[in-house]
$ cat coords.cif   # mmCIF, C-alpha atoms
data_final
loop_
_atom_site.group_PDB
_atom_site.id
_atom_site.type_symbol
_atom_site.label_atom_id
_atom_site.label_comp_id
_atom_site.auth_asym_id
_atom_site.auth_seq_id
_atom_site.Cartn_x
_atom_site.Cartn_y
_atom_site.Cartn_z
ATOM 1 C CA MET A 39 88.314 105.139 119.292
ATOM 2 C CA GLN A 40 90.797 103.530 116.900
ATOM 3 C CA THR A 41 89.533 103.436 113.294
ATOM 4 C CA LYS A 42 89.633 99.999 111.680
ATOM 5 C CA PRO A 43 92.439 100.084 109.103
ATOM 6 C CA ASN A 44 91.883 99.208 105.447
ATOM 7 C CA ALA A 45 94.009 96.130 104.634
ATOM 8 C CA GLY A 46 94.547 97.343 101.063
ATOM 9 C CA LEU A 47 96.469 100.362 102.313
ATOM 10 C CA PHE A 48 99.134 98.178 103.901
ATOM 11 C CA LYS A 49 100.368 96.294 100.831
ATOM 12 C CA ARG A 50 103.654 98.189 100.567
ATOM 13 C CA ASN A 51 103.792 99.133 104.224
ATOM 14 C CA PRO A 52 103.140 96.030 106.286
ATOM 15 C CA PRO A 53 103.010 96.729 110.030
ATOM 16 C CA ILE A 54 106.422 96.501 111.719
ATOM 17 C CA ALA A 55 106.769 94.348 114.846
ATOM 18 C CA GLY A 56 106.439 96.508 117.960
ATOM 19 C CA GLU A 57 105.454 99.607 115.989
ATOM 20 C CA ALA A 58 101.814 99.830 117.085
ATOM 21 C CA GLU A 59 102.778 99.538 120.757
ATOM 22 C CA ALA A 60 105.536 102.150 120.323
ATOM 23 C CA ILE A 61 103.048 104.538 118.683
ATOM 24 C CA GLU A 62 100.584 104.240 121.550
ATOM 25 C CA ARG A 63 103.329 104.645 124.172
ATOM 26 C CA ALA A 64 104.852 107.609 122.325
ATOM 27 C CA LYS A 65 101.404 109.244 122.157
ATOM 28 C CA ASN A 66 101.412 109.074 125.958
ATOM 29 C CA GLY A 67 104.773 110.841 126.106
ATOM 30 C CA ASP A 68 107.143 107.866 126.510
ATOM 31 C CA PRO A 69 110.529 109.132 125.197
ATOM 32 C CA ASP A 70 111.897 105.598 124.707
ATOM 33 C CA ALA A 71 108.942 104.745 122.501
ATOM 34 C CA PHE A 72 109.548 107.843 120.371
ATOM 35 C CA SER A 73 113.214 106.854 120.114
ATOM 36 C CA LYS A 74 112.075 103.446 118.861
ATOM 37 C CA LEU A 75 109.868 105.055 116.207
ATOM 38 C CA TYR A 76 112.868 107.108 115.109
ATOM 39 C CA SER A 77 115.028 103.985 114.856
ATOM 40 C CA LEU A 78 112.373 102.138 112.870
ATOM 41 C CA HIS A 79 111.750 104.933 110.361
ATOM 42 C CA LYS A 80 114.845 107.149 110.203
ATOM 43 C CA ARG A 81 116.336 105.447 107.131
ATOM 44 C CA ARG A 82 113.178 105.617 105.028
ATOM 45 C CA VAL A 83 112.442 109.208 105.999
ATOM 46 C CA TYR A 84 116.036 110.280 105.407
ATOM 47 C CA THR A 85 116.223 108.463 102.063
ATOM 48 C CA LEU A 86 112.968 110.105 100.964
ATOM 49 C CA CYS A 87 114.351 113.546 101.915
ATOM 50 C CA LEU A 88 117.648 112.820 100.190
ATOM 51 C CA ARG A 89 115.936 111.759 96.965
ATOM 52 C CA MET A 90 113.676 114.798 96.950
ATOM 53 C CA LEU A 91 116.411 117.287 97.862
ATOM 54 C CA GLY A 92 119.563 115.674 96.433
ATOM 55 C CA ASN A 93 121.640 117.126 99.257
ATOM 56 C CA VAL A 94 122.830 115.338 102.429
ATOM 57 C CA SER A 95 122.873 118.408 104.681
ATOM 58 C CA GLU A 96 119.373 119.537 103.701
ATOM 59 C CA ALA A 97 118.117 115.946 103.900
ATOM 60 C CA GLU A 98 119.374 115.670 107.490
ATOM 61 C CA ASP A 99 117.776 118.999 108.414
ATOM 62 C CA MET A 100 114.448 117.907 106.941
ATOM 63 C CA THR A 101 114.661 114.491 108.641
ATOM 64 C CA GLN A 102 115.063 116.344 111.926
ATOM 65 C CA GLU A 103 112.106 118.605 111.109
ATOM 66 C CA ALA A 104 109.978 115.617 110.070
ATOM 67 C CA PHE A 105 110.487 113.818 113.401
ATOM 68 C CA LEU A 106 109.942 116.991 115.429
ATOM 69 C CA HIS A 107 106.736 117.527 113.463
ATOM 70 C CA LEU A 108 105.838 113.881 114.057
ATOM 71 C CA PHE A 109 106.276 114.358 117.806
ATOM 72 C CA ARG A 110 103.817 117.248 117.756
ATOM 73 C CA LYS A 111 101.293 115.547 115.442
ATOM 74 C CA LEU A 112 101.469 111.944 116.642
ATOM 75 C CA GLY A 113 98.288 112.335 118.677
ATOM 76 C CA SER A 114 96.311 112.882 115.474
ATOM 77 C CA PHE A 115 97.390 109.546 113.942
ATOM 78 C CA ARG A 116 94.275 107.339 113.919
ATOM 79 C CA GLY A 117 95.589 104.294 112.038
ATOM 80 C CA GLU A 118 93.459 104.900 108.948
ATOM 81 C CA SER A 119 96.556 104.321 106.817
ATOM 82 C CA ALA A 120 99.828 102.566 107.555
ATOM 83 C CA PHE A 121 101.921 104.621 109.965
ATOM 84 C CA SER A 122 104.814 104.819 107.484
ATOM 85 C CA THR A 123 102.462 106.071 104.734
ATOM 86 C CA TRP A 124 101.198 108.756 107.100
ATOM 87 C CA LEU A 125 104.751 109.669 108.150
ATOM 88 C CA HIS A 126 105.926 109.811 104.535
ATOM 89 C CA ARG A 127 103.047 112.095 103.555
ATOM 90 C CA LEU A 128 103.898 114.362 106.480
ATOM 91 C CA THR A 129 107.566 114.349 105.372
ATOM 92 C CA VAL A 130 106.745 115.054 101.720
ATOM 93 C CA ASN A 131 104.579 118.017 102.697
ATOM 94 C CA LEU A 132 107.377 119.446 104.863
ATOM 95 C CA VAL A 133 109.952 119.041 102.095
ATOM 96 C CA LEU A 134 107.628 120.652 99.562
ATOM 97 C CA MET A 135 107.004 123.560 101.916
ATOM 98 C CA HIS A 136 110.775 123.919 102.334
ATOM 99 C CA LEU A 137 111.303 123.920 98.564
ATOM 100 C CA ARG A 138 108.554 126.480 98.014
ATOM 101 C CA LYS A 139 110.186 128.748 100.604
ATOM 102 C CA LYS A 140 113.370 128.474 98.543
ATOM 103 C CA GLY A 141 111.363 129.606 95.515
ATOM 104 C CA LEU A 142 111.666 126.364 93.551
ATOM 105 C CA GLN A 143 108.890 125.764 91.047
ATOM 106 C CA LEU A 144 108.106 122.089 91.546
ATOM 107 C CA VAL A 145 106.351 121.316 88.275
ATOM 108 C CA SER A 146 105.663 123.374 85.204
ATOM 109 C CA LEU A 147 102.230 124.988 85.238
ATOM 110 C CA GLU A 148 101.607 123.931 81.657
ATOM 111 C CA GLU A 149 102.462 120.388 80.716
ATOM 112 C CA THR A 150 103.623 121.581 77.329
ATOM 113 C CA ILE A 151 106.454 123.515 78.944
ATOM 114 C CA ASN A 152 109.638 121.481 79.076
ATOM 115 C CA PRO A 153 112.293 122.237 81.720
ATOM 116 C CA SER A 154 114.856 123.053 79.017
ATOM 117 C CA GLU A 155 116.021 121.605 75.728
ATOM 118 C CA GLU A 156 118.898 119.924 77.501
ATOM 119 C CA ASP A 157 116.848 118.458 80.350
ATOM 120 C CA ALA A 158 113.840 117.327 78.361
ATOM 121 C CA PRO A 159 113.702 113.737 77.081
ATOM 122 C CA LYS A 160 114.618 113.361 73.419
ATOM 123 C CA ARG A 161 111.820 112.838 70.932
ATOM 124 C CA ASP A 162 113.361 109.725 69.331
ATOM 125 C CA PHE A 163 111.695 107.572 71.964
ATOM 126 C CA GLY A 164 110.966 104.684 69.655
ATOM 127 C CA SER A 165 114.283 104.227 67.899
ATOM 128 C CA ARG A 166 116.036 100.929 68.519
ATOM 129 C CA ASP A 167 119.323 102.436 69.684
ATOM 130 C CA THR A 168 117.593 103.986 72.696
ATOM 131 C CA GLN A 169 116.534 100.622 74.099
ATOM 132 C CA LEU A 170 117.858 99.440 77.427
ATOM 133 C CA ALA A 171 120.028 96.366 77.261
ATOM 134 C CA GLY A 172 117.853 94.460 79.716
ATOM 135 C CA SER A 173 117.243 94.710 83.421
ATOM 136 C CA VAL A 174 118.239 97.767 85.457
ATOM 137 C CA ASP A 175 119.968 97.415 88.810
ATOM 138 C CA ARG A 176 118.767 99.580 91.682
ATOM 139 C CA VAL A 177 122.137 101.289 92.290
ATOM 140 C CA THR A 178 122.308 102.492 88.690
ATOM 141 C CA LEU A 179 118.673 103.578 88.766
ATOM 142 C CA GLU A 180 119.316 105.484 92.020
ATOM 143 C CA ARG A 181 122.136 107.405 90.302
ATOM 144 C CA ALA A 182 119.976 108.115 87.274
ATOM 145 C CA VAL A 183 117.122 109.381 89.464
ATOM 146 C CA ALA A 184 119.563 111.726 91.217
ATOM 147 C CA SER A 185 120.478 113.140 87.782
ATOM 148 C CA LEU A 186 116.901 114.019 86.861
ATOM 149 C CA PRO A 187 115.785 117.664 86.779
ATOM 150 C CA PRO A 188 114.072 118.459 90.138
ATOM 151 C CA GLY A 189 110.493 118.550 88.793
ATOM 152 C CA TYR A 190 110.794 115.187 87.059
ATOM 153 C CA ARG A 191 112.597 113.671 90.062
ATOM 154 C CA MET A 192 109.894 114.826 92.460
ATOM 155 C CA VAL A 193 107.026 113.206 90.545
ATOM 156 C CA PHE A 194 109.003 110.022 89.817
ATOM 157 C CA VAL A 195 110.000 109.548 93.475
ATOM 158 C CA LEU A 196 106.478 110.245 94.725
ATOM 159 C CA HIS A 197 104.755 107.950 92.216
ATOM 160 C CA ASP A 198 107.101 105.141 91.228
ATOM 161 C CA VAL A 199 109.145 104.856 94.450
ATOM 162 C CA GLU A 200 106.782 106.014 97.199
ATOM 163 C CA GLY A 201 103.613 104.716 95.561
ATOM 164 C CA PHE A 202 101.456 107.841 95.798
ATOM 165 C CA GLU A 203 98.560 108.112 93.324
ATOM 166 C CA HIS A 204 98.461 110.865 90.687
ATOM 167 C CA ASN A 205 95.570 112.620 92.442
ATOM 168 C CA GLU A 206 97.555 112.680 95.709
ATOM 169 C CA ILE A 207 100.635 114.025 93.900
ATOM 170 C CA ALA A 208 98.519 116.658 92.159
ATOM 171 C CA THR A 209 97.234 117.840 95.536
ATOM 172 C CA MET A 210 100.711 117.881 97.079
ATOM 173 C CA LEU A 211 102.332 119.664 94.118
ATOM 174 C CA GLU A 212 99.329 121.909 93.460
ATOM 175 C CA CYS A 213 99.061 120.836 89.831
ATOM 176 C CA SER A 214 96.552 118.877 87.726
ATOM 177 C CA THR A 215 96.513 115.054 87.654
ATOM 178 C CA GLY A 216 97.183 115.337 83.924
ATOM 179 C CA ASN A 217 100.321 117.327 84.640
ATOM 180 C CA SER A 218 101.427 114.719 87.174
ATOM 181 C CA LYS A 219 100.951 111.921 84.605
ATOM 182 C CA SER A 220 102.768 113.910 81.947
ATOM 183 C CA GLN A 221 105.702 114.768 84.220
ATOM 184 C CA LEU A 222 106.004 111.138 85.306
ATOM 185 C CA HIS A 223 106.100 109.987 81.697
ATOM 186 C CA LYS A 224 108.777 112.532 80.813
ATOM 187 C CA ALA A 225 110.761 111.479 83.874
ATOM 188 C CA ARG A 226 110.678 107.823 82.794
ATOM 189 C CA LEU A 227 111.688 108.767 79.236
ATOM 190 C CA LYS A 228 114.577 110.831 80.602
ATOM 191 C CA LEU A 229 115.639 107.938 82.831
ATOM 192 C CA ARG A 230 115.621 105.619 79.823
ATOM 193 C CA GLU A 231 118.012 107.987 78.078
ATOM 194 C CA LEU A 232 120.253 108.266 81.145
ATOM 195 C CA LEU A 233 120.307 104.500 81.697
ATOM 196 C CA ARG A 234 121.585 103.897 78.181
ATOM 197 C CA ASN A 235 124.940 105.315 79.296
ATOM 198 C CA PRO A 236 125.237 104.309 82.939
ATOM 199 C CA ASP A 237 129.022 104.881 82.940
ATOM 200 C CA GLN A 238 128.403 108.596 82.415
ATOM 201 C CA LEU A 239 126.047 108.955 85.374
ATOM 202 C CA PRO A 240 127.453 111.048 88.231
ATOM 203 C CA GLU A 241 127.814 109.489 91.676
ATOM 204 C CA THR A 242 125.080 110.392 94.138
ATOM 205 C CA GLU A 243 126.047 112.812 96.907
ATOM 206 C CA SER A 244 125.610 110.141 99.576
ATOM 207 C CA SER A 245 127.916 107.679 97.773
ATOM 208 C CA ARG A 246 130.559 110.402 97.348
ATOM 209 C CA GLU A 247 130.471 111.067 101.066
ATOM 210 C CA VAL A 248 130.859 107.386 101.874
ATOM 211 C CA VAL A 249 133.998 107.295 99.699
ATOM 212 C CA GLN A 250 135.515 110.455 101.187
ATOM 213 C CA MET B 1024 95.670 114.847 78.994
ATOM 214 C CA SER B 1025 94.395 112.685 76.136
ATOM 215 C CA ASN B 1026 91.038 110.933 76.456
ATOM 216 C CA LEU B 1027 91.437 107.183 75.857
ATOM 217 C CA SER B 1028 87.763 106.721 74.979
ATOM 218 C CA LYS B 1029 88.397 108.468 71.654
ATOM 219 C CA LEU B 1030 91.266 106.166 70.725
ATOM 220 C CA ASP B 1031 90.965 103.406 68.126
ATOM 221 C CA PHE B 1032 93.685 101.039 69.311
ATOM 222 C CA ASP B 1033 93.828 99.036 66.083
ATOM 223 C CA SER B 1034 94.271 101.972 63.723
ATOM 224 C CA MET B 1035 96.227 104.447 65.850
ATOM 225 C CA THR B 1036 99.442 105.913 64.504
ATOM 226 C CA VAL B 1037 102.802 105.978 66.292
ATOM 227 C CA ALA B 1038 102.265 109.711 66.922
ATOM 228 C CA GLU B 1039 98.906 108.985 68.561
ATOM 229 C CA PHE B 1040 100.504 106.218 70.601
ATOM 230 C CA GLU B 1041 103.135 108.695 71.811
ATOM 231 C CA GLN B 1042 100.422 111.237 72.657
ATOM 232 C CA TYR B 1043 98.296 108.739 74.591
ATOM 233 C CA LEU B 1044 101.132 106.817 76.290
ATOM 234 C CA PRO B 1045 101.168 108.750 79.617
ATOM 235 C CA GLU B 1046 97.422 108.124 79.986
ATOM 236 C CA LEU B 1047 97.766 104.487 78.892
ATOM 237 C CA PHE B 1048 100.369 103.895 81.588
ATOM 238 C CA ALA B 1049 98.291 105.720 84.182
ATOM 239 C CA SER B 1050 95.151 103.742 83.312
ATOM 240 C CA GLY B 1051 96.916 100.384 83.409
ATOM 241 C CA GLU B 1052 98.659 100.665 86.749
ATOM 242 C CA SER B 1053 97.205 97.426 88.037
ATOM 243 C CA GLY B 1054 98.638 95.436 85.118
ATOM 244 C CA ARG B 1055 101.464 95.544 82.584
ATOM 245 C CA LEU B 1056 100.801 97.694 79.531
ATOM 246 C CA SER B 1057 102.862 95.298 77.384
ATOM 247 C CA GLU B 1058 100.262 92.613 78.167
ATOM 248 C CA ASP B 1059 97.210 94.819 77.527
ATOM 249 C CA PRO B 1060 95.147 92.964 74.871
ATOM 250 C CA ARG B 1061 93.938 96.288 73.405
ATOM 251 C CA LEU B 1062 97.524 97.086 72.422
ATOM 252 C CA ALA B 1063 98.578 93.613 71.267
ATOM 253 C CA ARG B 1064 98.169 94.252 67.519
ATOM 254 C CA PHE B 1065 99.707 97.697 67.600
ATOM 255 C CA LEU B 1066 102.758 96.612 69.603
ATOM 256 C CA ALA B 1067 103.264 93.539 67.398
ATOM 257 C CA ALA B 1068 103.309 95.819 64.335
ATOM 258 C CA ASN B 1069 105.573 98.436 65.981
ATOM 259 C CA PRO B 1070 108.498 96.702 67.717
ATOM 260 C CA ASP B 1071 110.177 99.998 68.661
ATOM 261 C CA CYS B 1072 107.050 101.073 70.525
ATOM 262 C CA ALA B 1073 106.887 97.636 72.172
ATOM 263 C CA ALA B 1074 110.523 98.035 73.290
ATOM 264 C CA LEU B 1075 109.732 101.476 74.700
ATOM 265 C CA VAL B 1076 106.826 100.103 76.724
ATOM 266 C CA ARG B 1077 108.977 97.247 78.066
ATOM 267 C CA ASP B 1078 111.782 99.667 79.028
ATOM 268 C CA LEU B 1079 109.429 102.048 80.834
ATOM 269 C CA GLU B 1080 107.845 99.096 82.636
ATOM 270 C CA THR B 1081 111.318 97.898 83.684
ATOM 271 C CA ILE B 1082 112.143 101.361 85.064
ATOM 272 C CA ALA B 1083 108.846 101.556 86.978
ATOM 273 C CA GLU B 1084 109.271 98.018 88.354
ATOM 274 C CA THR B 1085 112.875 98.633 89.470
ATOM 275 C CA ALA B 1086 111.803 101.916 91.095
ATOM 276 C CA LYS B 1087 109.629 99.943 93.514
ATOM 277 C CA SER B 1088 112.786 98.278 94.862
ATOM 278 C CA LEU B 1089 114.109 101.732 95.847
ATOM 279 C CA PHE B 1090 111.301 102.051 98.402
ATOM 280 C CA VAL B 1091 113.284 100.029 100.914
ATOM 281 C CA PRO B 1092 116.424 102.068 101.600
ATOM 282 C CA ASP B 1093 119.793 100.475 100.996
ATOM 283 C CA GLN B 1094 122.412 101.869 103.343
ATOM 284 C CA ASP B 1095 121.789 105.601 103.679
ATOM 285 C CA GLU B 1096 120.926 106.805 107.139
ATOM 286 C CA PRO B 1097 121.157 110.165 108.882
ATOM 287 C CA SER B 1098 124.151 110.952 111.072
ATOM 288 C CA ASP B 1099 123.877 110.478 114.870
ATOM 289 C CA GLU B 1100 123.791 114.265 115.176
ATOM 290 C CA VAL B 1101 120.231 114.305 113.798
ATOM 291 C CA TRP B 1102 118.859 112.299 116.736
ATOM 292 C CA SER B 1103 120.957 114.334 119.202
ATOM 293 C CA ASN B 1104 119.401 117.521 117.843
ATOM 294 C CA ILE B 1105 115.910 116.053 118.025
ATOM 295 C CA GLU B 1106 116.446 114.977 121.637
ATOM 296 C CA LYS B 1107 117.762 118.438 122.566
ATOM 297 C CA LYS B 1108 114.787 120.189 120.973
ATOM 298 C CA LEU B 1109 112.277 117.853 122.624
ATOM 299 C CA LYS B 1110 113.777 118.599 126.036
ATOM 300 C CA GLN B 1111 113.480 122.363 125.544
#

$ encode --input "coords.cif" --output "structure tokens"
Amino acid sequence: MQTKPNAGLFKRNPPIAGEAEAIERAKNGDPDAFSKLYSLHKRRVYTLCLRMLGNVSEAEDMTQEAFLHLFRKLGSFRGESAFSTWLHRLTVNLVLMHLRKKGLQLVSLEETINPSEEDAPKRDFGSRDTQLAGSVDRVTLERAVASLPPGYRMVFVLHDVEGFEHNEIATMLECSTGNSKSQLHKARLKLRELLRNPDQLPETESSREVVQ
Amino acid sequence: MSNLSKLDFDSMTVAEFEQYLPELFASGESGRLSEDPRLARFLAANPDCAALVRDLETIAETAKSLFVPDQDEPSDEVWSNIEKKLKQ
């Protein structure tokens, strides 16, 4: 029996036309329906992988893994959350598993530990010369996010971009909710610093490849 | 993390504000911290702190726009590989 979905869960992920039908058909083994699900979600899944990994080749590999995993797990989707939320959580867990296999420590175990003097946000957070000039455009923010140290980037992408709650992030990253909040705050402070000098931000890997 | 229940918003120092800021942001996710009436007096008296809050709010707000991808998409090879593996 299909579980009645909670409308509040769909605020950022409104149902996509034809998606529900494609899900049901794909569950029954229809390859065209699975192809449609890929077409509908490939960009978001790939972008999520690219932001978390910062590398086009790895992001493509993980996108492939995410959809293969989706194919195997689709039967367990009950519609209790938006399909894209469910797919993104599945993708995040795969990427985190991949990073752990590579031996990357995702967040510091103690929130008092900074990544390094160079990477940590400066302490002069309140001084006037650190203020942003005004609004921030998404292209510049994307480049700044790509420049963040991996631990900060992970929490920022999961919370501020993907919309996961701190308790969900804590579970995924195997840290405390306090650590998640602290890392997010440091990430935002670091972004503020980076956005003060947008001309010095490096291009993202994807934009370099488009130019080449 | 710092416990907000112990905080006196009207008499807190800038150092306390800095210490409690991650928790303040986390507790006010449904609304803007810059418009939180508990902080109105403090932020009016500390314009640098008010500017910091506005900047961090701007960053968090703009981040939401990144949820919808711009132009990046995987190469056609990704789907070809998926198709091949599903046929195996």

$ residues_around --input "coords.cif" --residues "region 183-196 of chain A" --least-positions-apart "3" --cutoff "6 Å" --atoms "all atoms listed in the file" --output "list in words"
Met90, Leu144, Val145, Glu180, Val199, Glu200, Phe202, Gln221, Leu222 and Ala225 of chain A

$ resolve_selection --input "coords.cif" --expression "the PyMOL selection byres ((chain A) within 8 of (chain B))" --output "tab-separated table (two decimals) with C-alpha atoms, keeping the file's coordinate frame"
chain	number	residue	atom	x	y	z
A	80	LYS	CA	114.84	107.15	110.20
A	81	ARG	CA	116.34	105.45	107.13
A	82	ARG	CA	113.18	105.62	105.03
A	84	TYR	CA	116.04	110.28	105.41
A	85	THR	CA	116.22	108.46	102.06
A	98	GLU	CA	119.37	115.67	107.49
A	99	ASP	CA	117.78	119.00	108.41
A	101	THR	CA	114.66	114.49	108.64
A	102	GLN	CA	115.06	116.34	111.93
A	105	PHE	CA	110.49	113.82	113.40
A	106	LEU	CA	109.94	116.99	115.43
A	163	PHE	CA	111.70	107.57	71.96
A	164	GLY	CA	110.97	104.68	69.66
A	165	SER	CA	114.28	104.23	67.90
A	166	ARG	CA	116.04	100.93	68.52
A	169	GLN	CA	116.53	100.62	74.10
A	170	LEU	CA	117.86	99.44	77.43
A	173	SER	CA	117.24	94.71	83.42
A	174	VAL	CA	118.24	97.77	85.46
A	175	ASP	CA	119.97	97.42	88.81
A	176	ARG	CA	118.77	99.58	91.68
A	179	LEU	CA	118.67	103.58	88.77
A	180	GLU	CA	119.32	105.48	92.02
A	198	ASP	CA	107.10	105.14	91.23
A	199	VAL	CA	109.14	104.86	94.45
A	200	GLU	CA	106.78	106.01	97.20
A	201	GLY	CA	103.61	104.72	95.56
A	216	GLY	CA	97.18	115.34	83.92
A	217	ASN	CA	100.32	117.33	84.64
A	219	LYS	CA	100.95	111.92	84.60
A	220	SER	CA	102.77	113.91	81.95
A	222	LEU	CA	106.00	111.14	85.31
A	223	HIS	CA	106.10	109.99	81.70
A	226	ARG	CA	110.68	107.82	82.79
A	227	LEU	CA	111.69	108.77	79.24
A	229	LEU	CA	115.64	107.94	82.83
A	230	ARG	CA	115.62	105.62	79.82
A	244	SER	CA	125.61	110.14	99.58

$ resolve_selection --input "coords.cif" --expression "the PyMOL selection byres ((chain A and resi 113) around 10)" --output "MDAnalysis selection string"
chainID A and resid 61:62 64:67 108:112 114:116

$ atom_distance --input "coords.cif" --atom1 "CA of Asn235 (chain A)" --atom2 "CA of Ala97 (chain A)"
27.7 Å

$ atom_distance --input "coords.cif" --atom1 "CA of Pro53 (chain A)" --atom2 "CA of Ser122 (chain A)"
8.7 Å

$ atom_distance --input "coords.cif" --atom1 "CA of Thr178 (chain A)" --atom2 "CA of Glu206 (chain A)"
27.7 Å

$ resolve_selection --input "coords.cif" --expression "the PyMOL selection byres ((chain A and resi 54) around 12)" --output "list in words"
Phe48, Arg50, Asn51, Pro52, Pro53, Ala55, Gly56, Glu57, Ala58, Glu59, Ala60, Ile61, Lys74, Leu75, Ser77, Leu78, His79, Ala120, Phe121 and Ser122 of chain A

$ closest_residue --input "coords.cif" --among "B:Tyr1043, B:Asp1033, B:Ser1028, B:Gln1111" --to "Ala1067 (chain B)" --atoms "only C-alpha atoms"
B:Asp1033

$ build_atoms --input "coords.cif" --residues "region 98-113 of chain A" --atoms "N, CA and C atoms" --output "PDB file, keeping the file's coordinate frame"
ATOM      1  N   GLU A  98     119.286 115.888 106.045  1.00  0.00           N
ATOM      2  CA  GLU A  98     119.374 115.670 107.490  1.00  0.00           C
ATOM      3  C   GLU A  98     118.520 116.707 108.235  1.00  0.00           C
ATOM      4  N   ASP A  99     118.592 117.953 107.782  1.00  0.00           N
ATOM      5  CA  ASP A  99     117.776 118.999 108.414  1.00  0.00           C
ATOM      6  C   ASP A  99     116.289 118.658 108.318  1.00  0.00           C
ATOM      7  N   MET A 100     115.869 118.195 107.122  1.00  0.00           N
ATOM      8  CA  MET A 100     114.448 117.907 106.941  1.00  0.00           C
ATOM      9  C   MET A 100     114.033 116.642 107.687  1.00  0.00           C
ATOM     10  N   THR A 101     114.958 115.684 107.837  1.00  0.00           N
ATOM     11  CA  THR A 101     114.661 114.491 108.641  1.00  0.00           C
ATOM     12  C   THR A 101     114.390 114.918 110.082  1.00  0.00           C
ATOM     13  N   GLN A 102     115.245 115.813 110.570  1.00  0.00           N
ATOM     14  CA  GLN A 102     115.063 116.344 111.926  1.00  0.00           C
ATOM     15  C   GLN A 102     113.701 117.031 112.049  1.00  0.00           C
ATOM     16  N   GLU A 103     113.387 117.888 111.087  1.00  0.00           N
ATOM     17  CA  GLU A 103     112.106 118.605 111.109  1.00  0.00           C
ATOM     18  C   GLU A 103     110.934 117.635 111.059  1.00  0.00           C
ATOM     19  N   ALA A 104     111.078 116.582 110.226  1.00  0.00           N
ATOM     20  CA  ALA A 104     109.978 115.617 110.070  1.00  0.00           C
ATOM     21  C   ALA A 104     109.688 114.924 111.398  1.00  0.00           C
ATOM     22  N   PHE A 105     110.725 114.523 112.134  1.00  0.00           N
ATOM     23  CA  PHE A 105     110.487 113.818 113.401  1.00  0.00           C
ATOM     24  C   PHE A 105     110.013 114.773 114.508  1.00  0.00           C
ATOM     25  N   LEU A 106     110.466 116.019 114.464  1.00  0.00           N
ATOM     26  CA  LEU A 106     109.942 116.991 115.429  1.00  0.00           C
ATOM     27  C   LEU A 106     108.460 117.249 115.149  1.00  0.00           C
ATOM     28  N   HIS A 107     108.123 117.341 113.863  1.00  0.00           N
ATOM     29  CA  HIS A 107     106.736 117.527 113.463  1.00  0.00           C
ATOM     30  C   HIS A 107     105.915 116.299 113.872  1.00  0.00           C
ATOM     31  N   LEU A 108     106.511 115.118 113.674  1.00  0.00           N
ATOM     32  CA  LEU A 108     105.838 113.881 114.057  1.00  0.00           C
ATOM     33  C   LEU A 108     105.515 113.892 115.552  1.00  0.00           C
ATOM     34  N   PHE A 109     106.470 114.323 116.351  1.00  0.00           N
ATOM     35  CA  PHE A 109     106.276 114.358 117.806  1.00  0.00           C
ATOM     36  C   PHE A 109     105.047 115.207 118.163  1.00  0.00           C
ATOM     37  N   ARG A 110     104.932 116.339 117.460  1.00  0.00           N
ATOM     38  CA  ARG A 110     103.817 117.248 117.756  1.00  0.00           C
ATOM     39  C   ARG A 110     102.478 116.713 117.238  1.00  0.00           C
ATOM     40  N   LYS A 111     102.529 115.963 116.119  1.00  0.00           N
ATOM     41  CA  LYS A 111     101.293 115.547 115.442  1.00  0.00           C
ATOM     42  C   LYS A 111     100.882 114.105 115.735  1.00  0.00           C
ATOM     43  N   LEU A 112     101.707 113.380 116.463  1.00  0.00           N
ATOM     44  CA  LEU A 112     101.469 111.944 116.642  1.00  0.00           C
ATOM     45  C   LEU A 112     100.081 111.653 117.214  1.00  0.00           C
ATOM     46  N   GLY A 113      99.599 112.534 118.072  1.00  0.00           N
ATOM     47  CA  GLY A 113      98.288 112.335 118.677  1.00  0.00           C
ATOM     48  C   GLY A 113      97.159 112.288 117.666  1.00  0.00           C
TER      49      GLY A 113
END
